file model-v5.cif (mmCIF, C-alpha atoms)
data_input
#
loop_
_atom_site.label_atom_id
_atom_site.label_comp_id
_atom_site.auth_asym_id
_atom_site.auth_seq_id
_atom_site.Cartn_x
_atom_site.Cartn_y
_atom_site.Cartn_z
CA MET A 1 -14.47 5.64 -9.39
CA THR A 2 -15.01 3.01 -12.06
CA ASN A 3 -18.11 1.79 -13.82
CA THR A 4 -17.49 -1.79 -12.73
CA GLN A 5 -16.89 -0.79 -9.10
CA GLU A 6 -13.73 -2.89 -8.96
CA HIS A 7 -12.06 -0.30 -6.76
CA ALA A 8 -13.08 1.48 -3.61
CA THR A 9 -14.30 5.03 -4.10
CA TRP A 10 -12.46 7.94 -2.49
CA GLY A 11 -15.33 8.23 -0.03
CA GLU A 12 -15.05 4.54 0.91
CA LEU A 13 -11.28 4.81 1.34
CA LEU A 14 -11.67 7.84 3.61
CA HIS A 15 -14.43 6.13 5.59
CA SER A 16 -12.21 3.07 6.14
CA ALA A 17 -9.25 5.22 7.18
CA VAL A 18 -11.34 7.15 9.69
CA HIS A 19 -12.61 3.93 11.26
CA THR A 20 -9.22 2.16 11.29
CA PRO A 21 -6.66 3.77 13.62
CA GLY A 22 -3.19 3.79 12.12
CA LYS A 23 -4.23 3.26 8.49
CA ILE A 24 -3.42 6.81 7.37
CA LEU A 25 -0.05 6.65 9.15
CA ALA A 26 0.76 3.33 7.46
CA ALA A 27 -0.25 4.65 4.04
CA TYR A 28 1.70 7.89 4.44
CA THR A 29 4.78 6.11 5.78
CA ALA A 30 4.85 3.70 2.84
CA PHE A 31 3.57 5.85 -0.01
CA HIS A 32 3.97 9.52 0.92
CA ASN A 33 5.14 10.44 -2.60
CA TYR A 34 1.69 9.56 -3.92
CA SER A 35 -1.72 11.14 -3.41
CA PHE A 36 -3.59 10.03 -0.30
CA GLY A 37 -6.27 8.36 -2.38
CA ASN A 38 -3.70 6.27 -4.22
CA ALA A 39 -1.70 5.64 -1.05
CA LEU A 40 -4.77 4.19 0.68
CA LEU A 41 -5.68 2.25 -2.46
CA ALA A 42 -2.16 0.75 -2.60
CA LEU A 43 -2.27 -0.09 1.10
CA GLU A 44 -5.61 -1.90 0.73
CA GLN A 45 -4.14 -4.04 -2.05
CA CYS A 46 -0.98 -4.80 -0.08
CA ILE A 47 -3.05 -5.91 2.91
CA SER A 48 -5.37 -8.10 0.83
CA ARG A 49 -2.46 -9.68 -1.06
CA LYS A 50 -0.24 -9.99 2.03
CA ILE A 51 2.51 -7.85 0.50
CA GLU A 52 4.68 -5.70 2.75
CA PRO A 53 3.84 -2.01 2.07
CA GLY A 54 6.80 0.10 1.09
CA PRO A 55 8.25 2.40 -1.54
CA LEU A 56 6.23 2.31 -4.76
CA ASN A 57 7.39 2.74 -8.33
CA SER A 58 6.62 1.75 -11.91
CA TYR A 59 8.41 -1.13 -13.64
CA LYS A 60 10.66 1.30 -15.51
CA GLY A 61 11.14 3.33 -12.35
CA TRP A 62 12.55 0.33 -10.49
CA LEU A 63 14.82 -0.50 -13.42
CA ALA A 64 16.21 3.03 -13.26
CA LEU A 65 16.98 2.37 -9.58
CA LYS A 66 18.73 -0.88 -10.60
CA ARG A 67 16.08 -3.14 -9.15
CA GLN A 68 14.10 -5.74 -11.05
CA VAL A 69 10.44 -6.66 -10.51
CA ARG A 70 10.33 -10.37 -9.71
CA LYS A 71 8.85 -12.65 -12.34
CA GLY A 72 5.16 -13.34 -11.82
CA GLU A 73 4.50 -10.28 -9.65
CA LYS A 74 1.20 -8.50 -10.40
CA GLY A 75 1.22 -4.72 -10.41
CA LEU A 76 -0.84 -2.64 -8.01
CA CYS A 77 -3.70 -0.66 -9.50
CA LEU A 78 -3.66 3.12 -9.04
CA CYS A 79 -5.56 6.05 -10.50
CA MET A 80 -3.55 8.04 -13.03
CA PRO A 81 -4.21 11.05 -15.30
CA VAL A 82 -4.25 10.58 -19.07
CA THR A 83 -4.09 13.51 -21.48
CA TYR A 84 -5.76 13.24 -24.87
CA LYS A 85 -6.78 15.42 -27.80
CA LYS A 86 -10.42 16.33 -28.42
CA ARG A 87 -11.28 17.55 -31.91
CA LEU A 88 -13.38 20.71 -31.67
CA THR A 89 -16.46 20.57 -33.86
CA SER A 90 -18.88 23.27 -34.96
CA ASP A 91 -21.68 23.92 -37.41
CA ALA A 92 -19.41 26.12 -39.52
CA PRO A 93 -18.19 24.91 -42.93
CA ALA A 94 -15.35 22.43 -42.79
CA GLU A 95 -11.97 24.06 -42.23
CA PRO A 96 -8.75 23.05 -43.96
CA ALA A 97 -6.83 20.45 -41.97
CA GLU A 98 -4.08 22.90 -41.10
CA GLU A 99 -6.66 25.28 -39.56
CA ARG A 100 -8.49 22.74 -37.40
CA HIS A 101 -8.03 23.02 -33.66
CA ASP A 102 -7.70 20.30 -31.06
CA GLU A 103 -8.38 20.79 -27.36
CA MET A 104 -6.20 18.97 -24.82
CA ARG A 105 -8.27 17.25 -22.17
CA GLN A 106 -7.53 15.03 -19.19
CA CYS A 107 -9.27 12.02 -17.73
CA PHE A 108 -8.40 9.57 -14.95
CA VAL A 109 -8.03 5.84 -15.48
CA PHE A 110 -6.91 2.86 -13.41
CA ARG A 111 -3.80 0.93 -14.41
CA ASN A 112 -1.94 -1.99 -12.82
CA CYS A 113 1.46 -0.40 -13.40
CA TRP A 114 3.03 -0.05 -9.94
CA PHE A 115 5.07 -2.35 -7.73
CA VAL A 116 6.23 -2.02 -4.14
CA LEU A 117 9.81 -2.62 -3.02
CA ALA A 118 8.89 -6.06 -1.64
CA GLN A 119 8.01 -7.16 -5.19
CA THR A 120 11.48 -6.34 -6.49
CA GLU A 121 14.98 -7.71 -6.14
CA GLY A 122 18.46 -6.41 -6.78
CA GLU A 123 21.79 -5.65 -5.20
CA THR A 124 21.04 -1.95 -4.86
CA HIS A 125 19.69 -1.07 -1.39
CA TYR A 126 16.79 1.36 -1.40
CA GLU A 127 15.33 3.39 1.46
CA GLN A 128 12.74 6.15 1.44
CA ALA A 129 12.97 8.84 4.10
CA ILE A 130 9.76 10.13 5.63
CA PRO A 131 9.50 13.93 5.27
CA GLY A 132 9.22 16.09 8.35
CA PHE A 133 6.81 18.97 8.87
CA ASP A 134 7.30 22.62 9.82
CA LEU A 135 4.14 24.64 10.46
CA ASP A 136 5.78 28.01 9.82
CA ALA A 137 7.22 26.73 6.53
CA ALA A 138 3.77 25.49 5.51
CA LEU A 139 2.19 28.87 6.27
CA GLN A 140 4.86 30.70 4.28
CA THR A 141 4.64 28.34 1.31
CA LEU A 142 0.85 28.56 1.24
CA ASN A 143 0.88 32.35 1.71
CA ILE A 144 -1.20 32.12 4.90
CA THR A 145 -0.63 34.51 7.80
CA ARG A 146 -1.30 34.32 11.52
CA THR A 147 -3.78 36.93 12.74
CA PRO A 148 -4.62 38.08 16.27
CA PHE A 149 -7.15 35.93 18.10
CA ASP A 150 -9.96 38.28 19.08
CA GLU A 151 -12.93 36.01 19.79
CA ILE A 152 -14.50 36.50 23.23
CA ASN A 153 -16.35 33.15 23.23
CA GLY A 154 -14.28 30.87 25.46
CA ASN A 155 -15.33 27.79 23.47
CA VAL A 156 -13.88 29.07 20.21
CA GLN A 157 -10.72 27.14 19.32
CA GLY A 158 -9.72 29.12 16.24
CA PHE A 159 -10.93 30.82 13.08
CA ALA A 160 -9.93 31.42 9.48
CA HIS A 161 -10.62 34.49 7.34
CA GLN A 162 -9.44 34.99 3.77
CA ARG A 163 -5.76 33.95 3.95
CA GLY A 164 -5.32 34.38 7.68
CA ILE A 165 -5.77 31.98 10.60
CA ALA A 166 -5.94 32.47 14.36
CA VAL A 167 -5.72 29.88 17.12
CA SER A 168 -6.90 30.44 20.67
CA PRO A 169 -4.04 30.68 23.18
CA ILE A 170 -5.96 28.18 25.33
CA ALA A 171 -6.90 25.80 22.51
CA GLN A 172 -6.94 22.18 23.69
CA LEU A 173 -5.06 20.96 20.60
CA PRO A 174 -3.42 24.03 19.07
CA LEU A 175 -1.59 22.26 16.23
CA LYS A 176 -4.66 20.29 15.15
CA THR A 177 -6.68 23.50 15.31
CA ALA A 178 -4.07 25.30 13.18
CA LEU A 179 -4.18 22.50 10.61
CA HIS A 180 -7.98 22.68 10.60
CA GLU A 181 -7.92 26.43 9.94
CA ILE A 182 -5.24 26.09 7.25
CA ALA A 183 -7.46 23.49 5.62
CA HIS A 184 -10.32 26.00 5.44
CA VAL A 185 -8.06 28.33 3.46
CA VAL A 186 -6.62 25.64 1.18
CA LEU A 187 -10.10 24.25 0.50
CA GLY A 188 -11.31 27.70 -0.53
CA HIS A 189 -13.83 28.03 2.30
CA THR A 190 -12.69 31.50 3.39
CA THR A 191 -13.04 33.51 0.21
CA SER A 192 -16.26 35.24 1.25
CA GLN A 193 -16.78 34.75 4.97
CA ARG A 194 -15.11 34.12 8.29
CA PHE A 195 -15.14 30.58 9.65
CA VAL A 196 -15.20 30.31 13.42
CA ASP A 197 -14.78 26.84 14.89
CA LEU A 198 -16.45 25.97 18.17
CA GLU A 199 -15.59 23.07 20.41
CA HIS A 200 -18.89 21.46 19.40
CA MET A 201 -19.18 22.08 15.68
CA ASP A 202 -22.38 21.70 13.72
CA ARG A 203 -22.69 19.29 10.80
CA ASN A 204 -21.64 21.57 8.03
CA ILE A 205 -19.87 19.84 5.15
CA ARG A 206 -17.16 22.48 5.08
CA GLU A 207 -16.37 21.89 8.72
CA VAL A 208 -16.20 18.16 8.06
CA GLU A 209 -13.83 18.70 5.14
CA ALA A 210 -11.50 20.84 7.25
CA GLU A 211 -11.60 18.44 10.20
CA SER A 212 -10.90 15.49 7.90
CA VAL A 213 -7.85 17.27 6.53
CA ALA A 214 -6.63 17.98 10.07
CA PHE A 215 -7.20 14.31 10.94
CA ILE A 216 -5.16 13.09 7.95
CA CYS A 217 -2.30 15.49 8.72
CA CYS A 218 -2.20 14.58 12.42
CA GLU A 219 -2.42 10.86 11.71
CA SER A 220 0.26 11.04 9.02
CA LEU A 221 2.69 12.87 11.27
CA GLY A 222 1.87 10.96 14.45
CA LEU A 223 0.70 14.16 16.15
CA PRO A 224 -1.81 14.50 19.01
CA GLY A 225 -5.32 15.26 17.85
CA ALA A 226 -6.07 12.41 15.46
CA GLU A 227 -8.35 10.66 17.96
CA ALA A 228 -10.30 13.83 18.70
CA ALA A 229 -10.78 14.45 14.98
CA ARG A 230 -11.71 10.82 14.34
CA GLY A 231 -14.41 10.93 16.99
CA TYR A 232 -16.10 13.92 15.41
CA ILE A 233 -15.85 12.58 11.85
CA GLN A 234 -17.19 9.16 12.86
CA HIS A 235 -20.13 10.84 14.55
CA TRP A 236 -20.91 12.80 11.37
CA LEU A 237 -20.54 9.69 9.17
CA ARG A 238 -22.95 7.63 11.28
CA GLY A 239 -25.81 6.03 9.39
CA ALA A 240 -26.42 7.27 5.85
CA LYS A 241 -24.34 10.41 6.22
CA GLU A 242 -21.06 9.65 4.45
CA ILE A 243 -18.61 12.10 2.96
CA PRO A 244 -19.34 12.40 -0.78
CA ASN A 245 -16.64 11.25 -3.21
CA GLN A 246 -16.12 14.80 -4.44
CA SER A 247 -15.46 16.05 -0.90
CA ALA A 248 -13.21 13.07 -0.15
CA ALA A 249 -11.11 13.87 -3.23
CA ARG A 250 -10.85 17.51 -2.10
CA ILE A 251 -9.86 16.38 1.40
CA PHE A 252 -7.08 14.11 0.12
CA SER A 253 -5.75 16.85 -2.16
CA ALA A 254 -5.77 19.54 0.55
CA ALA A 255 -4.01 17.29 3.07
CA GLN A 256 -1.32 16.46 0.52
CA THR A 257 -0.87 20.15 -0.28
CA ILE A 258 -0.44 21.10 3.39
CA LEU A 259 2.00 18.29 4.20
CA ARG A 260 4.12 19.03 1.15
CA ALA A 261 4.11 22.74 1.98
CA GLY A 262 5.50 21.97 5.43
CA SER A 263 8.26 19.64 4.24
CA SER A 264 11.78 20.68 3.26
CA LYS A 265 12.66 21.52 -0.34
CA GLU A 266 14.58 18.25 -0.58
CA ASP A 267 11.54 16.28 0.57
CA ARG A 268 9.32 17.95 -2.05
CA GLN A 269 11.50 16.78 -4.91
#
call {"tool": "encode", "arguments": {"input": "model-v5.cif", "output": "structure tokens"}}
result
Amino acid sequence: MTNTQEHATWGELLHSAVHTPGKILAAYTAFHNYSFGNALLALEQCISRKIEPGPLNSYKGWLALKRQVRKGEKGLCLCMPVTYKKRLTSDAPAEPAEERHDEMRQCFVFRNCWFVLAQTEGETHYEQAIPGFDLDAALQTLNITRTPFDEINGNVQGFAHQRGIAVSPIAQLPLKTALHEIAHVVLGHTTSQRFVDLEHMDRNIREVEAESVAFICCESLGLPGAEAARGYIQHWLRGAKEIPNQSAARIFSAAQTILRAGSSKEDRQ
């Protein structure tokens, strides 16, 4: 993610989370208001610096909450978007200044601007509630419907088509399967074809993306199915086959979208 490689890539962070039981849960519990990539990045820094993970905020953010960052504390480094103007150029004759056009663009940079609760002090007590999850609320928010399960293959656990999902009535892990199928939709896998998931899936990158999202959601919420998902993902990652950074970023974003969709309106704020 940086030219100097001072920070783990999204792919490396996902790889570490898959191979370390409980890491996703710890990151989500402490930093659920942040993207999964940044949450894992913050957790790695807390572990290496022996800082207790917990609510995260900027220096000004803590001041607004009437807490002060302790003197000498070093901020945690996270990835943040920066918007800037790009002057549009052309071969046409120079235009008057008032007629020139700028294009707004966005890039991502790393900044040491965040501090966890353990790095602050103050009389004001601060707690951060962990959001719950409602599958029906998530489906409604994401505009995804349940469709009849009509596969005759007994090994099929579920499928996704366009903006509909179906889960086998005898699925071994129905909630994990539902999260997997929702992930297909959120990731844009179902726009042109129907995805049917077998008990033994092949090594298709789209299947791995969806299973990784299901793993993150199950691990974050402490639901059954994380171990089953981890086993498959670890098998696919064996040797040189690692999830590319672009896919890892998509996985983190989709998982965050699903979890936020299933939380209450108060939790989303």
call {"tool": "closest_residue", "arguments": {"input": "model-v5.cif", "among": "A:Ala39, A:Cys77, A:Val186, A:Ala248", "to": "Val208 in chain A", "atoms": "only C-alpha atoms"}}
result
A:Ala248
call {"tool": "resolve_selection", "arguments": {"input": "model-v5.cif", "expression": "the PyMOL selection byres ((chain A and resi 216-223) around 9)", "output": "number ranges by chain"}}
result
A: 17-18, 21-29, 36, 132-133, 175-176, 179, 211-215, 224-227, 229, 251-252, 255-256, 258-259
call {"tool": "residues_around", "arguments": {"input": "model-v5.cif", "residues": "Glu209 in chain A", "least_positions_apart": "3", "cutoff": "12 Å", "atoms": "all atoms listed in the file", "output": "short mmCIF file (atom, residue, chain, number, x, y, z; two decimals) with C-alpha atoms, keeping the file's coordinate frame"}}
result
data_model
loop_
_atom_site.label_atom_id
_atom_site.label_comp_id
_atom_site.auth_asym_id
_atom_site.auth_seq_id
_atom_site.Cartn_x
_atom_site.Cartn_y
_atom_site.Cartn_z
CA GLY A 11 -15.33 8.23 -0.03
CA LEU A 14 -11.67 7.84 3.61
CA LEU A 179 -4.18 22.50 10.61
CA HIS A 180 -7.98 22.68 10.60
CA GLU A 181 -7.92 26.43 9.94
CA ILE A 182 -5.24 26.09 7.25
CA ALA A 183 -7.46 23.49 5.62
CA HIS A 184 -10.32 26.00 5.44
CA VAL A 185 -8.06 28.33 3.46
CA VAL A 186 -6.62 25.64 1.18
CA LEU A 187 -10.10 24.25 0.50
CA GLY A 188 -11.31 27.70 -0.53
CA HIS A 189 -13.83 28.03 2.30
CA ARG A 203 -22.69 19.29 10.80
CA ASN A 204 -21.64 21.57 8.03
CA ILE A 205 -19.87 19.84 5.15
CA ARG A 206 -17.16 22.48 5.08
CA SER A 212 -10.90 15.49 7.90
CA VAL A 213 -7.85 17.27 6.53
CA ALA A 214 -6.63 17.98 10.07
CA PHE A 215 -7.20 14.31 10.94
CA ILE A 216 -5.16 13.09 7.95
CA ALA A 229 -10.78 14.45 14.98
CA TYR A 232 -16.10 13.92 15.41
CA ILE A 233 -15.85 12.58 11.85
CA TRP A 236 -20.91 12.80 11.37
CA LEU A 237 -20.54 9.69 9.17
CA GLU A 242 -21.06 9.65 4.45
CA ILE A 243 -18.61 12.10 2.96
CA PRO A 244 -19.34 12.40 -0.78
CA ASN A 245 -16.64 11.25 -3.21
CA GLN A 246 -16.12 14.80 -4.44
CA SER A 247 -15.46 16.05 -0.90
CA ALA A 248 -13.21 13.07 -0.15
CA ALA A 249 -11.11 13.87 -3.23
CA ARG A 250 -10.85 17.51 -2.10
CA ILE A 251 -9.86 16.38 1.40
CA PHE A 252 -7.08 14.11 0.12
CA SER A 253 -5.75 16.85 -2.16
CA ALA A 254 -5.77 19.54 0.55
CA ALA A 255 -4.01 17.29 3.07
#
call {"tool": "atom_distance", "arguments": {"input": "model-v5.cif", "atom1": "CA of Leu56 in chain A", "atom2": "CA of Phe115 in chain A"}}
result
5.6 Å
call {"tool": "atom_distance", "arguments": {"input": "model-v5.cif", "atom1": "CA of Arg163 in chain A", "atom2": "CA of Thr191 in chain A"}}
result
8.2 Å
call {"tool": "residues_around", "arguments": {"input": "model-v5.cif", "residues": "Glu73 in chain A", "least_positions_apart": "3", "cutoff": "12 Å", "atoms": "only C-alpha atoms", "output": "list in words"}}
result
Arg49, Ile51, Tyr59, Gln68, Val69, Arg70, Leu76, Asn112, Cys113, Trp114, Phe115, Val116, Leu117, Ala118, Gln119, Thr120 and Glu121 of chain A
call {"tool": "residues_near_point", "arguments": {"input": "model-v5.cif", "point": "(11.4, 3.0, 1.0)", "cutoff": "12 Å", "atoms": "only C-alpha atoms", "output": "list in words"}}
result
Tyr28, Thr29, Ala30, Phe31, His32, Asn33, Glu52, Pro53, Gly54, Pro55, Leu56, Asn57, Trp62, Leu65, Val116, Leu117, Ala118, Thr120, His125, Tyr126, Glu127, Gln128, Ala129, Ile130 and Pro131 of chain A
call {"tool": "atom_distance", "arguments": {"input": "model-v5.cif", "atom1": "CA of His235 in chain A", "atom2": "CA of Glu12 in chain A"}}
result
15.9 Å
call {"tool": "closest_residue", "arguments": {"input": "model-v5.cif", "among": "A:Arg67, A:Arg230, A:His15, A:Arg260", "to": "Glu123 in chain A", "atoms": "all atoms listed in the file"}}
result
A:Arg67
call {"tool": "closest_residue", "arguments": {"input": "model-v5.cif", "among": "A:Leu13, A:Ala178, A:Ala210, A:Leu41", "to": "Ala138 in chain A", "atoms": "only C-alpha atoms"}}
result
A:Ala178
call {"tool": "build_atoms", "arguments": {"input": "model-v5.cif", "residues": "range 214-234 of chain A", "atoms": "N, CA, C and O atoms", "output": "mmCIF file, in the coordinates of the input"}}
result
data_model
loop_
_atom_site.group_PDB
_atom_site.id
_atom_site.type_symbol
_atom_site.label_atom_id
_atom_site.label_comp_id
_atom_site.auth_asym_id
_atom_site.auth_seq_id
_atom_site.Cartn_x
_atom_site.Cartn_y
_atom_site.Cartn_z
ATOM 1 N N ALA A 214 -7.415 17.922 8.832
ATOM 2 C CA ALA A 214 -6.630 17.980 10.070
ATOM 3 C C ALA A 214 -6.355 16.568 10.585
ATOM 4 O O ALA A 214 -5.247 16.262 11.047
ATOM 5 N N PHE A 215 -7.358 15.694 10.501
ATOM 6 C CA PHE A 215 -7.200 14.310 10.940
ATOM 7 C C PHE A 215 -6.099 13.613 10.130
ATOM 8 O O PHE A 215 -5.219 12.947 10.686
ATOM 9 N N ILE A 216 -6.146 13.751 8.807
ATOM 10 C CA ILE A 216 -5.160 13.090 7.950
ATOM 11 C C ILE A 216 -3.757 13.603 8.260
ATOM 12 O O ILE A 216 -2.799 12.820 8.362
ATOM 13 N N CYS A 217 -3.614 14.917 8.433
ATOM 14 C CA CYS A 217 -2.300 15.490 8.720
ATOM 15 C C CYS A 217 -1.775 15.001 10.072
ATOM 16 O O CYS A 217 -0.610 14.607 10.193
ATOM 17 N N CYS A 218 -2.622 15.028 11.097
ATOM 18 C CA CYS A 218 -2.200 14.580 12.420
ATOM 19 C C CYS A 218 -1.844 13.098 12.419
ATOM 20 O O CYS A 218 -0.830 12.687 12.995
ATOM 21 N N GLU A 219 -2.671 12.296 11.771
ATOM 22 C CA GLU A 219 -2.420 10.860 11.710
ATOM 23 C C GLU A 219 -1.142 10.561 10.938
ATOM 24 O O GLU A 219 -0.342 9.701 11.331
ATOM 25 N N SER A 220 -0.934 11.268 9.837
ATOM 26 C CA SER A 220 0.260 11.040 9.020
ATOM 27 C C SER A 220 1.534 11.352 9.767
ATOM 28 O O SER A 220 2.545 10.657 9.615
ATOM 29 N N LEU A 221 1.494 12.405 10.570
ATOM 30 C CA LEU A 221 2.690 12.870 11.270
ATOM 31 C C LEU A 221 2.807 12.323 12.687
ATOM 32 O O LEU A 221 3.767 12.628 13.386
ATOM 33 N N GLY A 222 1.835 11.517 13.104
ATOM 34 C CA GLY A 222 1.870 10.960 14.450
ATOM 35 C C GLY A 222 1.697 12.014 15.521
ATOM 36 O O GLY A 222 2.272 11.910 16.611
ATOM 37 N N LEU A 223 0.891 13.049 15.223
ATOM 38 C CA LEU A 223 0.700 14.160 16.150
ATOM 39 C C LEU A 223 -0.547 13.959 17.016
ATOM 40 O O LEU A 223 -1.492 13.282 16.598
ATOM 41 N N PRO A 224 -0.595 14.548 18.199
ATOM 42 C CA PRO A 224 -1.810 14.500 19.010
ATOM 43 C C PRO A 224 -2.967 15.161 18.275
ATOM 44 O O PRO A 224 -2.770 16.126 17.536
ATOM 45 N N GLY A 225 -4.149 14.649 18.454
ATOM 46 C CA GLY A 225 -5.320 15.260 17.850
ATOM 47 C C GLY A 225 -6.064 14.357 16.888
ATOM 48 O O GLY A 225 -7.225 14.610 16.578
ATOM 49 N N ALA A 226 -5.417 13.294 16.419
ATOM 50 C CA ALA A 226 -6.070 12.410 15.460
ATOM 51 C C ALA A 226 -7.309 11.749 16.065
ATOM 52 O O ALA A 226 -8.352 11.639 15.410
ATOM 53 N N GLU A 227 -7.208 11.337 17.322
ATOM 54 C CA GLU A 227 -8.350 10.660 17.960
ATOM 55 C C GLU A 227 -9.522 11.619 18.140
ATOM 56 O O GLU A 227 -10.681 11.246 17.934
ATOM 57 N N ALA A 228 -9.229 12.853 18.524
ATOM 58 C CA ALA A 228 -10.300 13.830 18.700
ATOM 59 C C ALA A 228 -10.992 14.101 17.366
ATOM 60 O O ALA A 228 -12.222 14.183 17.298
ATOM 61 N N ALA A 229 -10.205 14.219 16.307
ATOM 62 C CA ALA A 229 -10.780 14.450 14.980
ATOM 63 C C ALA A 229 -11.566 13.237 14.522
ATOM 64 O O ALA A 229 -12.654 13.361 13.956
ATOM 65 N N ARG A 230 -11.029 12.053 14.769
ATOM 66 C CA ARG A 230 -11.710 10.820 14.340
ATOM 67 C C ARG A 230 -13.070 10.704 15.007
ATOM 68 O O ARG A 230 -14.062 10.330 14.374
ATOM 69 N N GLY A 231 -13.144 11.036 16.281
ATOM 70 C CA GLY A 231 -14.410 10.930 16.990
ATOM 71 C C GLY A 231 -15.487 11.807 16.375
ATOM 72 O O GLY A 231 -16.631 11.375 16.210
ATOM 73 N N TYR A 232 -15.117 13.026 16.012
ATOM 74 C CA TYR A 232 -16.100 13.920 15.410
ATOM 75 C C TYR A 232 -16.520 13.425 14.026
ATOM 76 O O TYR A 232 -17.700 13.394 13.688
ATOM 77 N N ILE A 233 -15.543 13.023 13.217
ATOM 78 C CA ILE A 233 -15.850 12.580 11.850
ATOM 79 C C ILE A 233 -16.703 11.322 11.878
ATOM 80 O O ILE A 233 -17.674 11.193 11.127
ATOM 81 N N GLN A 234 -16.391 10.384 12.756
ATOM 82 C CA GLN A 234 -17.190 9.160 12.860
ATOM 83 C C GLN A 234 -18.621 9.481 13.255
ATOM 84 O O GLN A 234 -19.566 8.863 12.763
#
